[in-house]
Amino acid sequence: MLSYLSKRLAMGLATILIATVAVTLLIHLVPGDPVQIMYAQSQGTTPEQLEEIRARLGLDQPIIVQYVQYLGRLLQGDMGVTIRGQQPVADLLMARLPNTLLLAFSAMAIAVAIGLPAGFWAAYKRGTWVDSAVMMTAIAGVSIPHFWLGLVLMFWFAVDLGWLPVAGGGPLALVLPAMTLGLSNAAIVARMTRSSMIDVMEQDFVRTANAKGLPKAVVQSRHVLRSGLIPVVTMMGLQFTYMMGGAIVVENIFAWNGIGRLAIEAIFQRDYPVIQGFILVFATTVVVVMFLLDLVYALLDPRIRRS
Amino acid sequence: MADIARTAPPETRRKARPLWLRILRNPGGAIGAALVLALVLSALSAPWLAPFDPTKMAAGRPLTAPGAAHLLGTDELGRDVLSRILFGARLTLQIGAIAVGISLVLGLVTGLSAAHFGGWPERILMRATDVLFSFTETLIALAFVAVLGPSLTNAMVAVGVAAVPFYARTAYATALGEVAKPYYEGAIAAGAGHMRLILRHLLPNVLPTMIVVATLGLSNAILAAAALGFLGLGAQPPQPEWGYMLSAGRDFMNRAPWLMLYPGLAIALTVFAFNILGDALREALDPRSEGR
C-alpha cells in the first residue's frame, strides 16, 4: 500500500512542479509584449514605467533565473500582486478558494445522492423499462450544457417563482449553483455506477452467492454493492475535476465569489499574475483531492490495502 | 425441395450486416443519425433556409416574441433568432470538426508512437500525458485562451489541444493490445519499417476505437467551445455562436425568455445526437458492450 501511495504522491508533486514551469513559460508565450498588453488598458504609462514594471516582474532576467525566483517566492507563499490594485494574488485566491470548494463538494454530494442510487437501480433492473428510462434520462442529462441548465434554473426558481436568490453569497445562494453542477454530473455518476455494477453482477462470486441460495437483497448489498462501489470511488477523482472545471462557468452565471470567477475576470483584464496563481491553485487543489481519494481507495480495496 | 430452401446455408444467414445497418437498427443510432443529418443539412443550406441575414440588425423590431414573421423571435438588436441558429449550426460543426481533428491527430501520434517504440519514448510520452491529464481539460483550455486571447479560432485550438491527453491515452491503450499480437511481431520480423508498422498495421486496428472516441468527443468539444463562447472567451460578436447567444440572451431573461431557450436547445440537441450516435457506433463495433 505504501509503494502505491508514494508513487501517487510523487506523481502529484511532479504535476505541481510542471505546473510551476508551465506558468512561468505562459507569460512568454503571449504573442507580443505582455507588459504592454497588460497595461494597455491603464492610460498614460510611460516607457520608463513599463521598463520598471518589467524589472519588478523579473521579465528582464534570463528565463531560468525568472523561474528560480518565481519558485523561491512561491515557497514563501508569494504569488506576486495584481496588475490592477496591486493586491497580493495569493491572498485574493485563498480568500475565494473555500467558496469554490464548497460549491464543488456540494455539487458532488448532489451528483452522488442522485446518480448512485439511479445507476444501481438501473443495473438491478437491467433490460427493463426502468433501466431504459434511467439511461435515457442520463444521456439527456449529459447532453444539456450546465450553463444552460443554470440559466433555466435561475429563470425558474429565482426570477419566476422568486424562491431563491439570483446571485450573491450565503447558504441560500449556494442552492442554485450547486444544483446546476450537481444535476449535470448526476447523469455521469449514474452511467458509471450502472456499468460498474453490471460488471460485478456478471462475476463468478455473485453467481455462487445466488446459487447457494442467499436472499437476493443480501447478494445485492453484501456482494454487488460493496465490490461495485470501488470503481465508483476511483471515478470520484475524475468527477471532482469535472466539478472544478464546471465551477468556473457556474460561478460566472450565479456571481458566486470563487476562484473561477476571479480567473475569467483576470483573463479579460490580462492580469497575468492572477492567471498564473489561479492555474497553480487549481492544479494543486485537483492533485490534493485526487491524492486523498487515492488514500480512500487504498483503504477500501483489500487488494491494495494488503499489498 | 421446400425444406432445402428453408434451410439455407447458415453462413449466408449469419453474414455480418454492414456497419451502417447495425447502427441504424439500434433505435438510439437511428435517432442520432437522423438528428446529425438534419444538423448537417441545415448547416449546409443555412444561406437558403434562413429567412434573414444572421448578423443583420433590425431585421424586425427588437425583442419580438416568436410568431409568424420571426418563427423564433428576434434578439435585442432585432436580429432574427432562427437565422442565427441556422448559421450557428455551421459554426458549431466547424468547431467540433476542427477541435476533434486536432485532438485525434495529436492523440494518435502520441499514443501510437508510445506503444510502438516502447522504452524511454513510451515512458516520457505517457508520463507527460498523465500530468496533462491531471491538469484537466478546462484548465488547459483556459490557459490557452489566456495566452492567445479570446477568439473563435483560439477557442477551437484550445478545446482541441485540451482533449489530446484523453485521445492519446485511449490510442495508446488500444495500440498496446495490438503490439502484443503475433501479426505485429511477424511484420517486424518481415522487416517492416517504423512508418509502415505504425501506419499500415497499428493505425487501421486502432481506428475503430478512435472513431467511437471521436464521435463522443464531438459532443464534448461542442459543449466546451460553447462554454467558452458563453464566458465570452470564444466566438465574438456578431458571430451567431450558440454559447455566446445564450450569454447575450440572459440579460433579457424576463422580457425575452426565447433568447435563452432556443440556443440552449440547439446545443443540447446537437450534443445529444452525437452522444447517442457514438453509443450506437460503439455497440455496433463491439457487440459485447451492448446495453452498457
# chains A, B, ... in the order shown; residues from 1 in each chain; ligands from 1
call {"tool": "interface_residues", "arguments": {"of": "chain A", "to": "chain B", "cutoff": "7 Å", "atoms": "only C-alpha atoms", "output": "list of chain:residue names"}}
result
A:Thr15, A:Leu26, A:Leu29, A:Val30, A:Pro31, A:Ala140, A:Ser143, A:Ile144, A:Pro145, A:Trp148, A:Phe155, A:Ser195, A:Thr241, A:Gly245, A:Ile267, A:Ile279, A:Ala283
call {"tool": "residues_around", "arguments": {"residues": "Ile23 in chain B", "least_positions_apart": "2", "cutoff": "12 Å", "atoms": "only C-alpha atoms", "output": "NGL selection string"}}
result
:B and (17-21 or 25-34 or 276-287 or 290)
call {"tool": "write_last_selection", "arguments": {"atoms": "N, CA, C and O atoms", "output": "compact mmCIF listing (two decimals), in the first residue's frame"}}
result
# COMPACT_ATOMS: atom_id res chain seq x y z
N ARG B 17 -24.03 -7.99 -40.91
CA ARG B 17 -24.67 -6.85 -41.57
C ARG B 17 -23.65 -5.74 -41.69
O ARG B 17 -22.75 -5.62 -40.87
N PRO B 18 -23.80 -4.89 -42.71
CA PRO B 18 -22.87 -3.76 -42.81
C PRO B 18 -23.02 -2.85 -41.59
O PRO B 18 -24.08 -2.79 -40.96
N LEU B 19 -21.94 -2.14 -41.32
CA LEU B 19 -21.87 -1.34 -40.10
C LEU B 19 -23.02 -0.34 -40.01
O LEU B 19 -23.68 -0.23 -38.98
N TRP B 20 -23.28 0.35 -41.11
CA TRP B 20 -24.31 1.40 -41.05
C TRP B 20 -25.67 0.83 -40.75
O TRP B 20 -26.49 1.44 -40.08
N LEU B 21 -25.90 -0.41 -41.20
CA LEU B 21 -27.19 -1.04 -40.94
C LEU B 21 -27.30 -1.40 -39.45
O LEU B 21 -28.36 -1.25 -38.84
N ARG B 25 -30.16 0.03 -37.02
CA ARG B 25 -31.10 -0.91 -36.41
C ARG B 25 -31.32 -0.59 -34.93
O ARG B 25 -32.34 -0.88 -34.35
N ASN B 26 -30.29 0.06 -34.35
CA ASN B 26 -30.36 0.47 -32.95
C ASN B 26 -31.17 1.77 -32.88
O ASN B 26 -30.87 2.72 -33.60
N PRO B 27 -32.26 1.79 -32.07
CA PRO B 27 -33.10 3.00 -32.07
C PRO B 27 -32.31 4.28 -31.77
O PRO B 27 -32.51 5.30 -32.43
N GLY B 28 -31.39 4.19 -30.80
CA GLY B 28 -30.57 5.37 -30.47
C GLY B 28 -29.75 5.80 -31.68
O GLY B 28 -29.66 6.99 -32.00
N GLY B 29 -29.19 4.82 -32.38
CA GLY B 29 -28.36 5.12 -33.54
C GLY B 29 -29.18 5.78 -34.63
O GLY B 29 -28.72 6.74 -35.27
N ALA B 30 -30.40 5.28 -34.84
CA ALA B 30 -31.25 5.84 -35.90
C ALA B 30 -31.62 7.29 -35.58
O ALA B 30 -31.52 8.18 -36.43
N ILE B 31 -32.02 7.53 -34.31
CA ILE B 31 -32.40 8.90 -33.92
C ILE B 31 -31.19 9.82 -34.02
O ILE B 31 -31.25 10.92 -34.57
N GLY B 32 -30.05 9.33 -33.51
CA GLY B 32 -28.82 10.13 -33.54
C GLY B 32 -28.42 10.47 -34.96
O GLY B 32 -28.13 11.62 -35.28
N ALA B 33 -28.46 9.45 -35.85
CA ALA B 33 -28.06 9.68 -37.23
C ALA B 33 -29.00 10.68 -37.90
O ALA B 33 -28.56 11.57 -38.63
N ALA B 34 -30.32 10.55 -37.61
CA ALA B 34 -31.28 11.47 -38.22
C ALA B 34 -31.03 12.89 -37.74
O ALA B 34 -31.06 13.84 -38.54
N ILE B 276 -25.77 9.85 -28.62
CA ILE B 276 -26.44 8.56 -28.87
C ILE B 276 -25.88 7.90 -30.12
O ILE B 276 -25.79 6.69 -30.19
N LEU B 277 -25.44 8.70 -31.10
CA LEU B 277 -24.82 8.11 -32.29
C LEU B 277 -23.51 7.42 -31.89
O LEU B 277 -23.22 6.30 -32.33
N GLY B 278 -22.74 8.08 -31.03
CA GLY B 278 -21.48 7.50 -30.57
C GLY B 278 -21.71 6.20 -29.80
O GLY B 278 -20.99 5.21 -30.00
N ASP B 279 -22.75 6.19 -28.94
CA ASP B 279 -23.06 4.97 -28.19
C ASP B 279 -23.45 3.84 -29.13
O ASP B 279 -23.03 2.69 -28.96
N ALA B 280 -24.27 4.17 -30.14
CA ALA B 280 -24.71 3.15 -31.10
C ALA B 280 -23.52 2.63 -31.89
O ALA B 280 -23.41 1.43 -32.16
N LEU B 281 -22.63 3.51 -32.26
CA LEU B 281 -21.42 3.14 -33.00
C LEU B 281 -20.57 2.17 -32.17
O LEU B 281 -20.06 1.17 -32.66
N ARG B 282 -20.46 2.48 -30.88
CA ARG B 282 -19.67 1.61 -30.02
C ARG B 282 -20.28 0.23 -29.93
O ARG B 282 -19.59 -0.78 -30.02
N GLU B 283 -21.61 0.19 -29.79
CA GLU B 283 -22.27 -1.12 -29.71
C GLU B 283 -22.13 -1.88 -31.01
O GLU B 283 -21.93 -3.09 -31.02
N ALA B 284 -22.22 -1.16 -32.14
CA ALA B 284 -22.12 -1.83 -33.44
C ALA B 284 -20.72 -2.39 -33.66
O ALA B 284 -20.55 -3.46 -34.24
N LEU B 285 -19.71 -1.68 -33.17
CA LEU B 285 -18.34 -2.14 -33.37
C LEU B 285 -17.92 -3.17 -32.35
O LEU B 285 -17.05 -3.98 -32.59
N ASP B 286 -18.54 -3.11 -31.18
CA ASP B 286 -18.18 -4.04 -30.11
C ASP B 286 -19.45 -4.60 -29.50
O ASP B 286 -19.98 -4.05 -28.54
N PRO B 287 -19.95 -5.72 -30.06
CA PRO B 287 -21.25 -6.25 -29.61
C PRO B 287 -21.27 -6.59 -28.12
O PRO B 287 -22.32 -6.60 -27.52
N GLU B 290 -22.97 -4.21 -25.65
CA GLU B 290 -24.40 -3.92 -25.80
C GLU B 290 -25.07 -3.65 -24.45
O GLU B 290 -24.94 -4.43 -23.52
call {"tool": "closest_residue", "arguments": {"among": "A:Gln239, A:Leu59, A:Gly162, A:Arg303", "to": "Met290 in chain A", "atoms": "only C-alpha atoms"}}
result
A:Gln239
call {"tool": "residues_around", "arguments": {"residues": "Leu181 in chain A", "least_positions_apart": "2", "cutoff": "9 Å", "atoms": "only C-alpha atoms", "output": "CSV table (one decimal) with all heavy atoms, in the first residue's frame"}}
result
chain,number,residue,atom,x,y,z
A,103,LEU,N,-18.7,24.9,-3.3
A,103,LEU,CA,-19.6,24.7,-4.4
A,103,LEU,C,-19.3,23.3,-5.0
A,103,LEU,O,-20.2,22.5,-5.3
A,103,LEU,CB,-19.4,25.8,-5.5
A,103,LEU,CG,-20.1,25.6,-6.8
A,103,LEU,CD1,-21.6,25.5,-6.7
A,103,LEU,CD2,-19.8,26.8,-7.7
A,104,ALA,N,-18.0,23.0,-5.2
A,104,ALA,CA,-17.7,21.7,-5.9
A,104,ALA,C,-18.1,20.5,-5.1
A,104,ALA,O,-18.7,19.6,-5.6
A,104,ALA,CB,-16.2,21.7,-6.2
A,106,SER,N,-20.5,20.4,-2.6
A,106,SER,CA,-21.9,20.3,-2.5
A,106,SER,C,-22.5,19.7,-3.8
A,106,SER,O,-23.4,18.9,-3.7
A,106,SER,CB,-22.6,21.7,-2.3
A,106,SER,OG,-21.9,22.5,-1.5
A,107,ALA,N,-22.0,20.2,-4.9
A,107,ALA,CA,-22.4,19.6,-6.2
A,107,ALA,C,-22.1,18.1,-6.3
A,107,ALA,O,-23.0,17.4,-6.8
A,107,ALA,CB,-21.8,20.4,-7.4
A,108,MET,N,-21.0,17.7,-5.8
A,108,MET,CA,-20.6,16.3,-5.9
A,108,MET,C,-21.5,15.5,-5.0
A,108,MET,O,-21.9,14.4,-5.4
A,108,MET,CB,-19.2,16.2,-5.4
A,108,MET,CG,-18.5,14.9,-5.9
A,108,MET,SD,-16.8,15.2,-6.2
A,108,MET,CE,-16.1,13.9,-5.2
A,110,ILE,N,-24.6,16.2,-4.3
A,110,ILE,CA,-25.9,16.1,-5.1
A,110,ILE,C,-25.8,15.1,-6.2
A,110,ILE,O,-26.7,14.2,-6.3
A,110,ILE,CB,-26.3,17.5,-5.7
A,110,ILE,CG1,-26.6,18.4,-4.5
A,110,ILE,CG2,-27.5,17.3,-6.6
A,110,ILE,CD1,-26.9,19.9,-5.0
A,111,ALA,N,-24.7,15.1,-6.9
A,111,ALA,CA,-24.5,14.2,-8.0
A,111,ALA,C,-24.5,12.8,-7.6
A,111,ALA,O,-25.1,11.9,-8.2
A,111,ALA,CB,-23.2,14.5,-8.8
A,146,HIS,N,-24.3,22.7,-18.8
A,146,HIS,CA,-24.6,23.1,-17.5
A,146,HIS,C,-24.9,24.6,-17.4
A,146,HIS,O,-25.7,25.1,-16.6
A,146,HIS,CB,-23.5,22.7,-16.4
A,146,HIS,CG,-22.1,23.0,-16.8
A,146,HIS,ND1,-21.8,24.0,-17.6
A,146,HIS,CD2,-21.0,22.3,-16.6
A,146,HIS,CE1,-20.5,24.0,-17.8
A,146,HIS,NE2,-20.0,22.9,-17.2
A,147,PHE,N,-24.3,25.4,-18.4
A,147,PHE,CA,-24.6,26.8,-18.3
A,147,PHE,C,-26.0,27.1,-18.7
A,147,PHE,O,-26.6,28.1,-18.3
A,147,PHE,CB,-23.6,27.6,-19.2
A,147,PHE,CG,-23.3,27.1,-20.5
A,147,PHE,CD1,-24.0,27.4,-21.6
A,147,PHE,CD2,-22.2,26.2,-20.7
A,147,PHE,CE1,-23.7,26.9,-22.9
A,147,PHE,CE2,-21.9,25.6,-21.9
A,147,PHE,CZ,-22.7,26.0,-23.0
A,149,LEU,N,-28.6,24.8,-18.2
A,149,LEU,CA,-29.3,24.3,-17.1
A,149,LEU,C,-29.3,25.4,-16.0
A,149,LEU,O,-30.4,25.7,-15.4
A,149,LEU,CB,-28.7,23.0,-16.5
A,149,LEU,CG,-29.4,22.4,-15.4
A,149,LEU,CD1,-30.8,21.9,-15.8
A,149,LEU,CD2,-28.6,21.2,-14.8
A,150,GLY,N,-28.2,26.0,-15.8
A,150,GLY,CA,-28.1,27.1,-14.8
A,150,GLY,C,-29.0,28.2,-15.1
A,150,GLY,O,-29.7,28.7,-14.2
A,176,LEU,N,-28.8,27.1,-6.0
A,176,LEU,CA,-28.9,27.0,-7.5
A,176,LEU,C,-27.6,26.6,-8.1
A,176,LEU,O,-27.6,25.7,-9.0
A,176,LEU,CB,-29.5,28.3,-8.0
A,176,LEU,CG,-31.0,28.5,-7.8
A,176,LEU,CD1,-31.4,29.9,-8.5
A,176,LEU,CD2,-31.7,27.4,-8.4
A,177,PRO,N,-26.5,27.3,-7.8
A,177,PRO,CA,-25.2,26.8,-8.4
A,177,PRO,C,-24.9,25.3,-8.2
A,177,PRO,O,-24.5,24.6,-9.1
A,177,PRO,CB,-24.1,27.7,-7.9
A,177,PRO,CG,-24.8,28.8,-7.1
A,177,PRO,CD,-26.3,28.5,-7.0
A,178,ALA,N,-25.1,24.9,-6.9
A,178,ALA,CA,-24.8,23.5,-6.6
A,178,ALA,C,-25.7,22.6,-7.3
A,178,ALA,O,-25.3,21.5,-7.8
A,178,ALA,CB,-24.9,23.3,-5.1
A,179,MET,N,-27.0,22.9,-7.4
A,179,MET,CA,-28.0,22.1,-8.2
A,179,MET,C,-27.6,22.0,-9.6
A,179,MET,O,-27.6,20.9,-10.2
A,179,MET,CB,-29.4,22.7,-8.1
A,179,MET,CG,-30.0,22.5,-6.8
A,179,MET,SD,-31.6,21.6,-7.0
A,179,MET,CE,-32.5,22.8,-7.9
A,183,LEU,N,-26.7,18.4,-10.8
A,183,LEU,CA,-27.6,17.6,-11.7
A,183,LEU,C,-26.9,17.2,-13.0
A,183,LEU,O,-27.1,16.1,-13.5
A,183,LEU,CB,-28.8,18.5,-12.0
A,183,LEU,CG,-29.8,18.7,-10.9
A,183,LEU,CD1,-30.9,19.7,-11.3
A,183,LEU,CD2,-30.4,17.4,-10.4
A,184,SER,N,-26.1,18.1,-13.5
A,184,SER,CA,-25.4,17.8,-14.8
A,184,SER,C,-24.5,16.6,-14.6
A,184,SER,O,-24.3,15.8,-15.5
A,184,SER,CB,-24.5,18.9,-15.4
A,184,SER,OG,-24.9,20.1,-15.0
A,185,ASN,N,-23.9,16.5,-13.4
A,185,ASN,CA,-23.0,15.4,-13.2
A,185,ASN,C,-23.6,14.1,-12.6
A,185,ASN,O,-23.0,13.0,-12.7
A,185,ASN,CB,-21.8,15.8,-12.3
A,185,ASN,CG,-20.9,16.7,-13.0
A,185,ASN,OD1,-20.0,16.2,-13.8
A,185,ASN,ND2,-21.0,18.0,-12.9
A,186,ALA,N,-24.9,14.2,-12.1
A,186,ALA,CA,-25.6,13.1,-11.6
A,186,ALA,C,-25.7,12.0,-12.8
A,186,ALA,O,-25.6,10.8,-12.5
A,186,ALA,CB,-26.9,13.4,-11.1
A,243,MET,N,-16.2,18.8,-11.6
A,243,MET,CA,-16.8,19.8,-10.7
A,243,MET,C,-16.0,21.1,-10.7
A,243,MET,O,-16.6,22.2,-10.8
A,243,MET,CB,-17.0,19.3,-9.3
A,243,MET,CG,-17.8,18.1,-9.1
A,243,MET,SD,-19.5,18.4,-9.5
A,243,MET,CE,-20.0,16.7,-9.6
A,246,GLY,N,-16.4,22.7,-14.1
A,246,GLY,CA,-17.8,23.3,-14.2
A,246,GLY,C,-18.0,24.5,-13.4
A,246,GLY,O,-18.7,25.4,-13.7
A,247,ALA,N,-17.3,24.5,-12.2
A,247,ALA,CA,-17.5,25.6,-11.2
A,247,ALA,C,-17.1,26.9,-11.9
A,247,ALA,O,-17.7,27.9,-11.6
A,247,ALA,CB,-16.7,25.3,-10.0
A,250,VAL,N,-20.1,28.0,-13.8
A,250,VAL,CA,-21.3,28.2,-12.9
A,250,VAL,C,-21.1,29.4,-12.0
A,250,VAL,O,-22.0,30.1,-11.8
A,250,VAL,CB,-21.6,26.9,-12.2
A,250,VAL,CG1,-22.7,27.1,-11.1
A,250,VAL,CG2,-22.0,25.8,-13.1
call {"tool": "closest_residue", "arguments": {"among": "A:Ser3, A:Arg96, A:Ile304, A:Arg54", "to": "Phe282 in chain A", "atoms": "only C-alpha atoms"}}
result
A:Arg96
call {"tool": "atom_distance", "arguments": {"atom1": "CA of Glu48 in chain A", "atom2": "CA of Gly80 in chain A"}}
result
20.7 Å
call {"tool": "select_by_dssp", "arguments": {"residues": "range 36-209 of chain A", "states": "helix (DSSP H, G or I)", "output": "mmCIF file with C-alpha atoms, in the first residue's frame"}}
result
data_model
loop_
_atom_site.group_PDB
_atom_site.id
_atom_site.type_symbol
_atom_site.label_atom_id
_atom_site.label_comp_id
_atom_site.auth_asym_id
_atom_site.auth_seq_id
_atom_site.Cartn_x
_atom_site.Cartn_y
_atom_site.Cartn_z
ATOM 1 C CA GLN A 36 2.387 46.379 -22.901
ATOM 2 C CA ILE A 37 -0.741 44.211 -23.280
ATOM 3 C CA MET A 38 -1.294 44.107 -19.528
ATOM 4 C CA TYR A 39 -1.045 47.847 -19.133
ATOM 5 C CA PRO A 47 8.095 53.627 -21.463
ATOM 6 C CA GLU A 48 10.182 54.135 -18.300
ATOM 7 C CA GLN A 49 7.332 52.916 -16.148
ATOM 8 C CA LEU A 50 6.886 49.866 -18.387
ATOM 9 C CA GLU A 51 10.586 49.127 -18.008
ATOM 10 C CA GLU A 52 10.243 49.397 -14.238
ATOM 11 C CA ILE A 53 7.274 47.016 -14.243
ATOM 12 C CA ARG A 54 9.228 44.589 -16.417
ATOM 13 C CA ALA A 55 12.043 44.672 -13.871
ATOM 14 C CA ARG A 56 9.620 44.182 -10.994
ATOM 15 C CA LEU A 57 8.060 41.146 -12.671
ATOM 16 C CA ILE A 63 14.168 32.678 -18.073
ATOM 17 C CA ILE A 64 15.954 30.209 -15.771
ATOM 18 C CA VAL A 65 16.585 32.988 -13.251
ATOM 19 C CA GLN A 66 12.946 34.033 -13.548
ATOM 20 C CA TYR A 67 11.824 30.503 -12.817
ATOM 21 C CA VAL A 68 14.081 30.084 -9.790
ATOM 22 C CA GLN A 69 12.973 33.452 -8.435
ATOM 23 C CA TYR A 70 9.322 32.603 -9.000
ATOM 24 C CA LEU A 71 9.710 29.251 -7.276
ATOM 25 C CA GLY A 72 11.526 30.878 -4.369
ATOM 26 C CA ARG A 73 8.786 33.440 -3.846
ATOM 27 C CA LEU A 74 6.142 30.762 -4.266
ATOM 28 C CA LEU A 75 7.633 28.735 -1.415
ATOM 29 C CA VAL A 89 -2.563 37.402 -5.607
ATOM 30 C CA ALA A 90 -2.170 34.650 -3.005
ATOM 31 C CA ASP A 91 -4.500 36.419 -0.543
ATOM 32 C CA LEU A 92 -7.073 37.004 -3.237
ATOM 33 C CA LEU A 93 -7.090 33.359 -4.341
ATOM 34 C CA MET A 94 -7.035 31.927 -0.821
ATOM 35 C CA ALA A 95 -9.962 34.107 0.207
ATOM 36 C CA ARG A 96 -12.021 32.675 -2.653
ATOM 37 C CA LEU A 97 -10.859 29.073 -2.793
ATOM 38 C CA PRO A 98 -13.161 27.934 0.055
ATOM 39 C CA ASN A 99 -16.163 29.196 -1.918
ATOM 40 C CA THR A 100 -15.178 27.146 -4.963
ATOM 41 C CA LEU A 101 -14.526 24.070 -2.827
ATOM 42 C CA LEU A 102 -17.866 24.491 -1.070
ATOM 43 C CA LEU A 103 -19.609 24.673 -4.435
ATOM 44 C CA ALA A 104 -17.687 21.719 -5.894
ATOM 45 C CA PHE A 105 -18.264 19.435 -2.906
ATOM 46 C CA SER A 106 -21.948 20.348 -2.524
ATOM 47 C CA ALA A 107 -22.438 19.634 -6.215
ATOM 48 C CA MET A 108 -20.586 16.340 -5.869
ATOM 49 C CA ALA A 109 -22.829 15.365 -2.953
ATOM 50 C CA ILE A 110 -25.921 16.097 -5.068
ATOM 51 C CA ALA A 111 -24.492 14.198 -8.045
ATOM 52 C CA VAL A 112 -23.724 11.136 -5.913
ATOM 53 C CA ALA A 113 -27.003 11.270 -3.976
ATOM 54 C CA ILE A 114 -28.955 11.135 -7.243
ATOM 55 C CA GLY A 115 -26.623 9.293 -9.606
ATOM 56 C CA LEU A 116 -25.546 6.405 -7.387
ATOM 57 C CA PRO A 117 -28.994 5.044 -6.478
ATOM 58 C CA ALA A 118 -30.253 5.678 -10.015
ATOM 59 C CA GLY A 119 -27.325 3.794 -11.546
ATOM 60 C CA PHE A 120 -27.642 0.931 -9.080
ATOM 61 C CA TRP A 121 -31.376 0.686 -9.678
ATOM 62 C CA ALA A 122 -30.879 0.634 -13.460
ATOM 63 C CA ALA A 123 -28.274 -2.132 -13.137
ATOM 64 C CA TYR A 124 -30.549 -4.124 -10.782
ATOM 65 C CA TRP A 129 -38.148 -0.188 -18.827
ATOM 66 C CA VAL A 130 -36.673 1.186 -15.573
ATOM 67 C CA ASP A 131 -33.188 0.663 -16.978
ATOM 68 C CA SER A 132 -34.078 2.301 -20.299
ATOM 69 C CA ALA A 133 -35.774 5.242 -18.593
ATOM 70 C CA VAL A 134 -32.829 5.892 -16.266
ATOM 71 C CA MET A 135 -30.329 5.599 -19.099
ATOM 72 C CA MET A 136 -32.300 7.846 -21.444
ATOM 73 C CA THR A 137 -32.571 10.458 -18.693
ATOM 74 C CA ALA A 138 -28.855 10.125 -18.064
ATOM 75 C CA ILE A 139 -27.889 10.576 -21.706
ATOM 76 C CA ALA A 140 -30.206 13.579 -21.969
ATOM 77 C CA GLY A 141 -28.618 14.860 -18.758
ATOM 78 C CA VAL A 142 -25.062 14.688 -20.084
ATOM 79 C CA SER A 143 -26.187 16.467 -23.245
ATOM 80 C CA HIS A 146 -24.582 23.128 -17.455
ATOM 81 C CA PHE A 147 -24.559 26.815 -18.322
ATOM 82 C CA TRP A 148 -27.959 26.403 -19.955
ATOM 83 C CA LEU A 149 -29.322 24.343 -17.076
ATOM 84 C CA GLY A 150 -28.074 27.097 -14.768
ATOM 85 C CA LEU A 151 -29.932 29.787 -16.678
ATOM 86 C CA VAL A 152 -33.116 27.719 -16.799
ATOM 87 C CA LEU A 153 -32.980 27.001 -13.055
ATOM 88 C CA MET A 154 -32.283 30.670 -12.408
ATOM 89 C CA PHE A 155 -35.223 31.714 -14.562
ATOM 90 C CA TRP A 156 -37.497 29.203 -12.926
ATOM 91 C CA PHE A 157 -36.631 29.334 -9.229
ATOM 92 C CA ALA A 158 -35.248 32.831 -8.844
ATOM 93 C CA VAL A 159 -36.941 35.007 -11.452
ATOM 94 C CA ASP A 160 -40.298 33.295 -11.970
ATOM 95 C CA PRO A 171 -26.317 29.415 2.115
ATOM 96 C CA LEU A 172 -29.461 30.065 0.037
ATOM 97 C CA ALA A 173 -27.420 31.430 -2.848
ATOM 98 C CA LEU A 174 -25.477 28.156 -2.910
ATOM 99 C CA VAL A 175 -28.577 26.122 -3.772
ATOM 100 C CA LEU A 176 -28.902 27.015 -7.455
ATOM 101 C CA PRO A 177 -25.214 26.805 -8.449
ATOM 102 C CA ALA A 178 -24.798 23.523 -6.567
ATOM 103 C CA MET A 179 -27.961 22.095 -8.158
ATOM 104 C CA THR A 180 -26.798 23.170 -11.623
ATOM 105 C CA LEU A 181 -23.435 21.494 -11.288
ATOM 106 C CA GLY A 182 -24.758 18.502 -9.333
ATOM 107 C CA LEU A 183 -27.621 17.648 -11.688
ATOM 108 C CA SER A 184 -25.389 17.756 -14.782
ATOM 109 C CA ASN A 185 -22.966 15.372 -13.163
ATOM 110 C CA ALA A 186 -25.564 13.050 -11.617
ATOM 111 C CA ALA A 187 -26.070 11.680 -15.129
ATOM 112 C CA ILE A 188 -22.384 10.784 -15.437
ATOM 113 C CA VAL A 189 -22.357 9.161 -11.986
ATOM 114 C CA ALA A 190 -25.454 7.123 -12.879
ATOM 115 C CA ARG A 191 -23.881 5.813 -16.092
ATOM 116 C CA MET A 192 -20.615 4.918 -14.379
ATOM 117 C CA THR A 193 -22.355 3.244 -11.430
ATOM 118 C CA ARG A 194 -24.606 1.183 -13.684
ATOM 119 C CA SER A 195 -21.807 -0.215 -15.818
ATOM 120 C CA SER A 196 -19.639 -0.928 -12.778
ATOM 121 C CA MET A 197 -22.497 -2.774 -11.026
ATOM 122 C CA ILE A 198 -23.295 -4.783 -14.148
ATOM 123 C CA ASP A 199 -19.651 -5.831 -14.369
ATOM 124 C CA VAL A 200 -19.816 -7.132 -10.802
ATOM 125 C CA MET A 201 -23.200 -8.838 -11.272
ATOM 126 C CA ASP A 204 -18.496 -15.769 -10.641
ATOM 127 C CA PHE A 205 -18.712 -14.958 -6.935
ATOM 128 C CA VAL A 206 -22.095 -13.336 -7.447
ATOM 129 C CA ARG A 207 -23.318 -16.380 -9.340
ATOM 130 C CA THR A 208 -22.047 -18.565 -6.499
ATOM 131 C CA ALA A 209 -23.785 -16.416 -3.905
#
call {"tool": "atom_distance", "arguments": {"atom1": "CA of Pro62 in chain A", "atom2": "CA of Gly77 in chain A"}}
result
22.7 Å
call {"tool": "closest_residue", "arguments": {"among": "B:Ala171, B:Ile198, B:Ala235, B:Ala69", "to": "Asn154 in chain B", "atoms": "only C-alpha atoms"}}
result
B:Ala235
call {"tool": "atom_distance", "arguments": {"atom1": "CA of Gln94 in chain B", "atom2": "CA of Leu82 in chain B"}}
result
18.8 Å
